[in-house]
Structure formats: C-alpha cells, structure tokens
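Here is data28.pdb, consisting of PDB, C-alpha atoms:
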MODEL        1
ATOM      1  CA  MET A   1    -158.945 146.153 131.535  1.00  0.00           C
ATOM      2  CA  SER A   2    -161.154 145.630 128.519  1.00  0.00           C
ATOM      3  CA  PRO A   3    -163.169 148.477 127.009  1.00  0.00           C
ATOM      4  CA  LEU A   4    -166.366 146.682 128.023  1.00  0.00           C
ATOM      5  CA  HIS A   5    -165.382 146.687 131.699  1.00  0.00           C
ATOM      6  CA  LEU A   6    -164.267 150.300 131.474  1.00  0.00           C
ATOM      7  CA  SER A   7    -167.635 151.349 130.066  1.00  0.00           C
ATOM      8  CA  PHE A   8    -169.542 149.635 132.895  1.00  0.00           C
ATOM      9  CA  TYR A   9    -167.287 151.092 135.568  1.00  0.00           C
ATOM     10  CA  SER A  10    -167.497 154.566 134.064  1.00  0.00           C
ATOM     11  CA  ALA A  11    -171.308 154.321 133.794  1.00  0.00           C
ATOM     12  CA  PHE A  12    -171.496 153.457 137.490  1.00  0.00           C
ATOM     13  CA  VAL A  13    -169.135 156.274 138.471  1.00  0.00           C
ATOM     14  CA  PHE A  14    -170.886 158.862 136.299  1.00  0.00           C
ATOM     15  CA  SER A  15    -174.292 157.962 137.680  1.00  0.00           C
ATOM     16  CA  GLY A  16    -172.866 158.187 141.208  1.00  0.00           C
ATOM     17  CA  LEU A  17    -171.472 161.628 140.388  1.00  0.00           C
ATOM     18  CA  GLY A  18    -174.848 162.628 138.966  1.00  0.00           C
ATOM     19  CA  LEU A  19    -176.486 161.509 142.186  1.00  0.00           C
ATOM     20  CA  ALA A  20    -173.973 163.482 144.242  1.00  0.00           C
ATOM     21  CA  PHE A  21    -174.023 166.745 142.295  1.00  0.00           C
ATOM     22  CA  HIS A  22    -177.507 167.072 140.746  1.00  0.00           C
ATOM     23  CA  ARG A  23    -179.749 166.853 143.771  1.00  0.00           C
ATOM     24  CA  THR A  24    -182.516 169.244 142.819  1.00  0.00           C
ATOM     25  CA  HIS A  25    -185.364 166.892 141.888  1.00  0.00           C
ATOM     26  CA  LEU A  26    -186.327 163.525 143.291  1.00  0.00           C
ATOM     27  CA  VAL A  27    -186.868 162.209 139.767  1.00  0.00           C
ATOM     28  CA  SER A  28    -183.234 162.880 138.818  1.00  0.00           C
ATOM     29  CA  ALA A  29    -182.024 161.131 141.975  1.00  0.00           C
ATOM     30  CA  LEU A  30    -184.194 158.105 141.184  1.00  0.00           C
ATOM     31  CA  LEU A  31    -182.941 158.064 137.610  1.00  0.00           C
ATOM     32  CA  CYS A  32    -179.318 158.099 138.778  1.00  0.00           C
ATOM     33  CA  LEU A  33    -180.034 155.242 141.180  1.00  0.00           C
ATOM     34  CA  GLU A  34    -181.641 153.228 138.403  1.00  0.00           C
ATOM     35  CA  SER A  35    -178.672 153.788 136.098  1.00  0.00           C
ATOM     36  CA  MET A  36    -176.361 152.605 138.883  1.00  0.00           C
ATOM     37  CA  MET A  37    -178.463 149.477 139.279  1.00  0.00           C
ATOM     38  CA  LEU A  38    -178.480 148.908 135.524  1.00  0.00           C
ATOM     39  CA  SER A  39    -174.698 149.125 135.296  1.00  0.00           C
ATOM     40  CA  MET A  40    -174.373 146.761 138.271  1.00  0.00           C
ATOM     41  CA  PHE A  41    -176.792 144.325 136.620  1.00  0.00           C
ATOM     42  CA  VAL A  42    -174.869 144.312 133.357  1.00  0.00           C
ATOM     43  CA  GLY A  43    -171.564 143.973 135.210  1.00  0.00           C
ATOM     44  CA  LEU A  44    -172.828 141.044 137.273  1.00  0.00           C
ATOM     45  CA  SER A  45    -174.260 139.410 134.177  1.00  0.00           C
ATOM     46  CA  MET A  46    -170.962 139.695 132.350  1.00  0.00           C
ATOM     47  CA  TRP A  47    -169.105 138.423 135.416  1.00  0.00           C
ATOM     48  CA  SER A  48    -171.243 135.300 135.655  1.00  0.00           C
ATOM     49  CA  ILE A  49    -170.763 134.670 131.919  1.00  0.00           C
ATOM     50  CA  GLU A  50    -166.990 135.155 132.143  1.00  0.00           C
ATOM     51  CA  THR A  51    -166.514 132.869 135.148  1.00  0.00           C
ATOM     52  CA  GLN A  52    -168.892 130.228 133.717  1.00  0.00           C
ATOM     53  CA  THR A  53    -170.101 129.073 137.100  1.00  0.00           C
ATOM     54  CA  PRO A  54    -173.734 127.970 137.219  1.00  0.00           C
ATOM     55  CA  SER A  55    -174.146 128.988 140.866  1.00  0.00           C
ATOM     56  CA  PHE A  56    -173.766 132.705 140.066  1.00  0.00           C
ATOM     57  CA  THR A  57    -176.299 132.849 137.234  1.00  0.00           C
ATOM     58  CA  MET A  58    -179.148 133.696 139.608  1.00  0.00           C
ATOM     59  CA  VAL A  59    -177.360 136.669 141.227  1.00  0.00           C
ATOM     60  CA  PRO A  60    -178.143 139.219 138.444  1.00  0.00           C
ATOM     61  CA  ILE A  61    -181.808 138.206 138.414  1.00  0.00           C
ATOM     62  CA  LEU A  62    -181.998 138.562 142.192  1.00  0.00           C
ATOM     63  CA  MET A  63    -180.377 141.993 142.018  1.00  0.00           C
ATOM     64  CA  LEU A  64    -182.781 143.016 139.249  1.00  0.00           C
ATOM     65  CA  THR A  65    -185.688 141.998 141.484  1.00  0.00           C
ATOM     66  CA  PHE A  66    -184.409 144.190 144.306  1.00  0.00           C
ATOM     67  CA  SER A  67    -183.882 147.009 141.818  1.00  0.00           C
ATOM     68  CA  ALA A  68    -187.516 146.769 140.720  1.00  0.00           C
ATOM     69  CA  CYS A  69    -188.625 146.924 144.360  1.00  0.00           C
ATOM     70  CA  GLU A  70    -186.417 149.960 144.883  1.00  0.00           C
ATOM     71  CA  ALA A  71    -187.890 151.662 141.834  1.00  0.00           C
ATOM     72  CA  GLY A  72    -191.446 150.995 142.990  1.00  0.00           C
ATOM     73  CA  THR A  73    -190.696 152.346 146.456  1.00  0.00           C
ATOM     74  CA  GLY A  74    -189.009 155.417 144.989  1.00  0.00           C
ATOM     75  CA  LEU A  75    -191.965 156.159 142.739  1.00  0.00           C
ATOM     76  CA  ALA A  76    -194.361 155.740 145.668  1.00  0.00           C
ATOM     77  CA  ILE A  77    -192.301 158.237 147.673  1.00  0.00           C
ATOM     78  CA  LEU A  78    -192.275 160.565 144.662  1.00  0.00           C
ATOM     79  CA  VAL A  79    -196.069 160.472 144.335  1.00  0.00           C
ATOM     80  CA  ALA A  80    -196.589 160.913 148.088  1.00  0.00           C
ATOM     81  CA  SER A  81    -194.200 163.864 148.324  1.00  0.00           C
ATOM     82  CA  THR A  82    -195.703 165.509 145.244  1.00  0.00           C
ATOM     83  CA  ARG A  83    -199.181 165.201 146.707  1.00  0.00           C
ATOM     84  CA  THR A  84    -198.213 166.577 150.115  1.00  0.00           C
ATOM     85  CA  HIS A  85    -195.604 169.211 149.167  1.00  0.00           C
ATOM     86  CA  GLY A  86    -196.715 170.146 145.654  1.00  0.00           C
ATOM     87  CA  SER A  87    -193.398 169.455 143.904  1.00  0.00           C
ATOM     88  CA  ASP A  88    -190.556 166.970 143.785  1.00  0.00           C
ATOM     89  CA  HIS A  89    -187.800 169.389 144.781  1.00  0.00           C
ATOM     90  CA  LEU A  90    -185.509 167.828 147.333  1.00  0.00           C
ATOM     91  CA  HIS A  91    -185.065 171.048 149.308  1.00  0.00           C
ATOM     92  CA  ASN A  92    -188.784 170.881 150.216  1.00  0.00           C
ATOM     93  CA  LEU A  93    -188.287 167.522 151.904  1.00  0.00           C
ATOM     94  CA  ASN A  94    -186.981 168.091 155.411  1.00  0.00           C
ATOM     95  CA  LEU A  95    -187.108 165.341 158.025  1.00  0.00           C
ATOM     96  CA  LEU A  96    -187.063 167.856 160.875  1.00  0.00           C
ATOM     97  CA  GLN A  97    -190.501 169.188 159.881  1.00  0.00           C
ATOM     98  CA  CYS A  98    -192.296 165.842 160.136  1.00  0.00           C
TER      99      CYS A  98
ENDMDL
END
Would you put the structure from the file into structure tokens?
Amino acid sequence: MSPLHLSFYSAFVFSGLGLAFHRTHLVSALLCLESMMLSMFVGLSMWSIETQTPSFTMVPILMLTFSACEAGTGLAILVASTRTHGSDHLHNLNLLQC
C-alpha cells in the first residue's frame, strides 16, 4: 500500500472516529461528514486516474454533487434546529419530543 492510499484511508477512518466519539455539536458532526466525503472524493479521483478508464471519470464529480447537496441539507437542519431549540447541541434534539 502506497503512502498516498494510507493517508486517504486514515483520513476516512479518523473522520469516522470523530463522528462516533465527538457528538456534542451538530456542526462537528457535519464537519466530520464533510471530511469523510472529501477523502472519498480524493480516493475516487485517484482511483479513476490509476485505472485510466474514461467511464469512471464522472464518478467523483457525481459524488461531489451529492456531497454538496448533503452539506446544504445539513446546514438547513442546523439553522432550523438553532432557531427552534436555541443551540446546536445534539442532546437537545430528541425525535420522541416531536
């Protein structure tokens, strides 16, 4: 395994661990999700360059589009929860109270 692949895999794993263990604010959860998407984008980009197949060159762009939609939705949820609950703490968000 090359050092480049190891860095992308470790970035994905560390952002997943950050998402699992630091669940106090919604902003930190969104940031961890975005770093996971960024490492997946870079990994898919490098994979399509290494395999040199023209059919896979659109896959990273498509995934980046879905990542932008996910970020917009997450920020909309962040603004809505901050307006209704007063903060972005995840312990304030309970689905049983809706």
Write out as a list in words which residues come within 9 Å of A:Phe41 when counting all atoms listed in the file, dropping same-chain ones fewer than 2 positions away. Met36, Met37, Leu38, Ser39, Gly43, Leu44, Ser45, Met46, Val59, Pro60, Ile61, Met63 and Leu64 of chain A
Once the PyMOL selection byres ((chain A and resi 19-23) around 12) is applied to the coordinates I shared, what remains selected? I want it as a list in words.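 Answer for the PyMOL selection byres ((chain A and resi 19-23) around 12): Phe12, Val13, Phe14, Ser15, Gly16, Leu17, Gly18, Thr24, His25, Leu26, Val27, Ser28, Ala29, Leu30, Leu31, Cys32, Leu33, Glu34, Ser35, Met36, Asp88, His89, Leu90, His91, Asn92 and Leu93 of chain A.
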Those selected residues, please, written with C-alpha atoms and delivered as a PDB file, keeping the file's coordinate frame.
ATOM      1  CA  PHE A  12    -171.496 153.457 137.490  1.00  0.00           C
ATOM      2  CA  VAL A  13    -169.135 156.274 138.471  1.00  0.00           C
ATOM      3  CA  PHE A  14    -170.886 158.862 136.299  1.00  0.00           C
ATOM      4  CA  SER A  15    -174.292 157.962 137.680  1.00  0.00           C
ATOM      5  CA  GLY A  16    -172.866 158.187 141.208  1.00  0.00           C
ATOM      6  CA  LEU A  17    -171.472 161.628 140.388  1.00  0.00           C
ATOM      7  CA  GLY A  18    -174.848 162.628 138.966  1.00  0.00           C
ATOM      8  CA  THR A  24    -182.516 169.244 142.819  1.00  0.00           C
ATOM      9  CA  HIS A  25    -185.364 166.892 141.888  1.00  0.00           C
ATOM     10  CA  LEU A  26    -186.327 163.525 143.291  1.00  0.00           C
ATOM     11  CA  VAL A  27    -186.868 162.209 139.767  1.00  0.00           C
ATOM     12  CA  SER A  28    -183.234 162.880 138.818  1.00  0.00           C
ATOM     13  CA  ALA A  29    -182.024 161.131 141.975  1.00  0.00           C
ATOM     14  CA  LEU A  30    -184.194 158.105 141.184  1.00  0.00           C
ATOM     15  CA  LEU A  31    -182.941 158.064 137.610  1.00  0.00           C
ATOM     16  CA  CYS A  32    -179.318 158.099 138.778  1.00  0.00           C
ATOM     17  CA  LEU A  33    -180.034 155.242 141.180  1.00  0.00           C
ATOM     18  CA  GLU A  34    -181.641 153.228 138.403  1.00  0.00           C
ATOM     19  CA  SER A  35    -178.672 153.788 136.098  1.00  0.00           C
ATOM     20  CA  MET A  36    -176.361 152.605 138.883  1.00  0.00           C
ATOM     21  CA  ASP A  88    -190.556 166.970 143.785  1.00  0.00           C
ATOM     22  CA  HIS A  89    -187.800 169.389 144.781  1.00  0.00           C
ATOM     23  CA  LEU A  90    -185.509 167.828 147.333  1.00  0.00           C
ATOM     24  CA  HIS A  91    -185.065 171.048 149.308  1.00  0.00           C
ATOM     25  CA  ASN A  92    -188.784 170.881 150.216  1.00  0.00           C
ATOM     26  CA  LEU A  93    -188.287 167.522 151.904  1.00  0.00           C
TER      27      LEU A  93
END
May I ask for the distance between atom CA of A:Trp47 and atom CA of A:Gly74, given in Å to one decimal place?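 Spanning atom CA of A:Trp47 to atom CA of A:Gly74 is a straight-line distance of 27.9 Å.
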Mind telling me what the PyMOL selection byres ((chain A and resi 2-5) around 10) catches here, as a list in words? Met1, Leu6, Ser7, Phe8, Tyr9, Ser10, Ala11, Val42, Gly43, Met46 and Trp47 of chain A
All heavy atoms are needed for stretch 68-79 of chain A; please write them out as a PDB file, in the frame of the given file.
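Result file follows (result_39.pdb):
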ATOM      1  N   ALA A  68    -186.122 146.461 141.039  1.00  0.00           N
ATOM      2  CA  ALA A  68    -187.516 146.769 140.720  1.00  0.00           C
ATOM      3  C   ALA A  68    -188.283 147.176 141.976  1.00  0.00           C
ATOM      4  O   ALA A  68    -189.113 148.093 141.936  1.00  0.00           O
ATOM      5  CB  ALA A  68    -188.178 145.569 140.055  1.00  0.00           C
ATOM      6  N   CYS A  69    -187.989 146.529 143.094  1.00  0.00           N
ATOM      7  CA  CYS A  69    -188.625 146.924 144.360  1.00  0.00           C
ATOM      8  C   CYS A  69    -188.188 148.323 144.775  1.00  0.00           C
ATOM      9  O   CYS A  69    -189.000 149.115 145.271  1.00  0.00           O
ATOM     10  CB  CYS A  69    -188.276 145.921 145.462  1.00  0.00           C
ATOM     11  SG  CYS A  69    -188.982 144.296 145.209  1.00  0.00           S
ATOM     12  N   GLU A  70    -186.930 148.629 144.559  1.00  0.00           N
ATOM     13  CA  GLU A  70    -186.417 149.960 144.883  1.00  0.00           C
ATOM     14  C   GLU A  70    -187.055 151.025 144.006  1.00  0.00           C
ATOM     15  O   GLU A  70    -187.391 152.119 144.476  1.00  0.00           O
ATOM     16  CB  GLU A  70    -184.889 149.958 144.720  1.00  0.00           C
ATOM     17  CG  GLU A  70    -184.228 151.284 144.945  1.00  0.00           C
ATOM     18  CD  GLU A  70    -183.843 151.961 143.647  1.00  0.00           C
ATOM     19  OE1 GLU A  70    -183.608 151.277 142.650  1.00  0.00           O
ATOM     20  OE2 GLU A  70    -183.788 153.201 143.666  1.00  0.00           O
ATOM     21  N   ALA A  71    -187.254 150.706 142.743  1.00  0.00           N
ATOM     22  CA  ALA A  71    -187.890 151.662 141.834  1.00  0.00           C
ATOM     23  C   ALA A  71    -189.346 151.898 142.213  1.00  0.00           C
ATOM     24  O   ALA A  71    -189.830 153.035 142.191  1.00  0.00           O
ATOM     25  CB  ALA A  71    -187.792 151.164 140.396  1.00  0.00           C
ATOM     26  N   GLY A  72    -190.052 150.840 142.568  1.00  0.00           N
ATOM     27  CA  GLY A  72    -191.446 150.995 142.990  1.00  0.00           C
ATOM     28  C   GLY A  72    -191.577 151.812 144.255  1.00  0.00           C
ATOM     29  O   GLY A  72    -192.469 152.660 144.386  1.00  0.00           O
ATOM     30  N   THR A  73    -190.685 151.576 145.210  1.00  0.00           N
ATOM     31  CA  THR A  73    -190.696 152.346 146.456  1.00  0.00           C
ATOM     32  C   THR A  73    -190.356 153.811 146.194  1.00  0.00           C
ATOM     33  O   THR A  73    -190.977 154.719 146.763  1.00  0.00           O
ATOM     34  CB  THR A  73    -189.710 151.744 147.462  1.00  0.00           C
ATOM     35  OG1 THR A  73    -190.012 150.366 147.635  1.00  0.00           O
ATOM     36  CG2 THR A  73    -189.767 152.455 148.782  1.00  0.00           C
ATOM     37  N   GLY A  74    -189.377 154.045 145.323  1.00  0.00           N
ATOM     38  CA  GLY A  74    -189.009 155.417 144.989  1.00  0.00           C
ATOM     39  C   GLY A  74    -190.135 156.167 144.299  1.00  0.00           C
ATOM     40  O   GLY A  74    -190.370 157.345 144.589  1.00  0.00           O
ATOM     41  N   LEU A  75    -190.836 155.496 143.399  1.00  0.00           N
ATOM     42  CA  LEU A  75    -191.965 156.159 142.739  1.00  0.00           C
ATOM     43  C   LEU A  75    -193.116 156.410 143.704  1.00  0.00           C
ATOM     44  O   LEU A  75    -193.816 157.427 143.594  1.00  0.00           O
ATOM     45  CB  LEU A  75    -192.431 155.329 141.550  1.00  0.00           C
ATOM     46  CG  LEU A  75    -191.495 155.344 140.353  1.00  0.00           C
ATOM     47  CD1 LEU A  75    -191.998 154.404 139.270  1.00  0.00           C
ATOM     48  CD2 LEU A  75    -191.329 156.738 139.809  1.00  0.00           C
ATOM     49  N   ALA A  76    -193.321 155.504 144.658  1.00  0.00           N
ATOM     50  CA  ALA A  76    -194.361 155.740 145.668  1.00  0.00           C
ATOM     51  C   ALA A  76    -194.010 156.941 146.538  1.00  0.00           C
ATOM     52  O   ALA A  76    -194.880 157.761 146.861  1.00  0.00           O
ATOM     53  CB  ALA A  76    -194.539 154.495 146.524  1.00  0.00           C
ATOM     54  N   ILE A  77    -192.741 157.073 146.897  1.00  0.00           N
ATOM     55  CA  ILE A  77    -192.301 158.237 147.673  1.00  0.00           C
ATOM     56  C   ILE A  77    -192.435 159.512 146.839  1.00  0.00           C
ATOM     57  O   ILE A  77    -192.825 160.565 147.354  1.00  0.00           O
ATOM     58  CB  ILE A  77    -190.865 158.034 148.175  1.00  0.00           C
ATOM     59  CG1 ILE A  77    -190.834 156.936 149.234  1.00  0.00           C
ATOM     60  CG2 ILE A  77    -190.271 159.319 148.722  1.00  0.00           C
ATOM     61  CD1 ILE A  77    -189.439 156.521 149.641  1.00  0.00           C
ATOM     62  N   LEU A  78    -192.142 159.411 145.547  1.00  0.00           N
ATOM     63  CA  LEU A  78    -192.275 160.565 144.662  1.00  0.00           C
ATOM     64  C   LEU A  78    -193.726 161.028 144.580  1.00  0.00           C
ATOM     65  O   LEU A  78    -194.011 162.229 144.694  1.00  0.00           O
ATOM     66  CB  LEU A  78    -191.760 160.214 143.267  1.00  0.00           C
ATOM     67  CG  LEU A  78    -191.953 161.265 142.182  1.00  0.00           C
ATOM     68  CD1 LEU A  78    -191.046 162.445 142.434  1.00  0.00           C
ATOM     69  CD2 LEU A  78    -191.705 160.674 140.824  1.00  0.00           C
ATOM     70  N   VAL A  79    -194.652 160.111 144.414  1.00  0.00           N
ATOM     71  CA  VAL A  79    -196.069 160.472 144.335  1.00  0.00           C
ATOM     72  C   VAL A  79    -196.553 161.042 145.662  1.00  0.00           C
ATOM     73  O   VAL A  79    -197.269 162.058 145.697  1.00  0.00           O
ATOM     74  CB  VAL A  79    -196.901 159.242 143.911  1.00  0.00           C
ATOM     75  CG1 VAL A  79    -198.390 159.490 144.090  1.00  0.00           C
ATOM     76  CG2 VAL A  79    -196.609 158.885 142.466  1.00  0.00           C
TER      77      VAL A  79
END
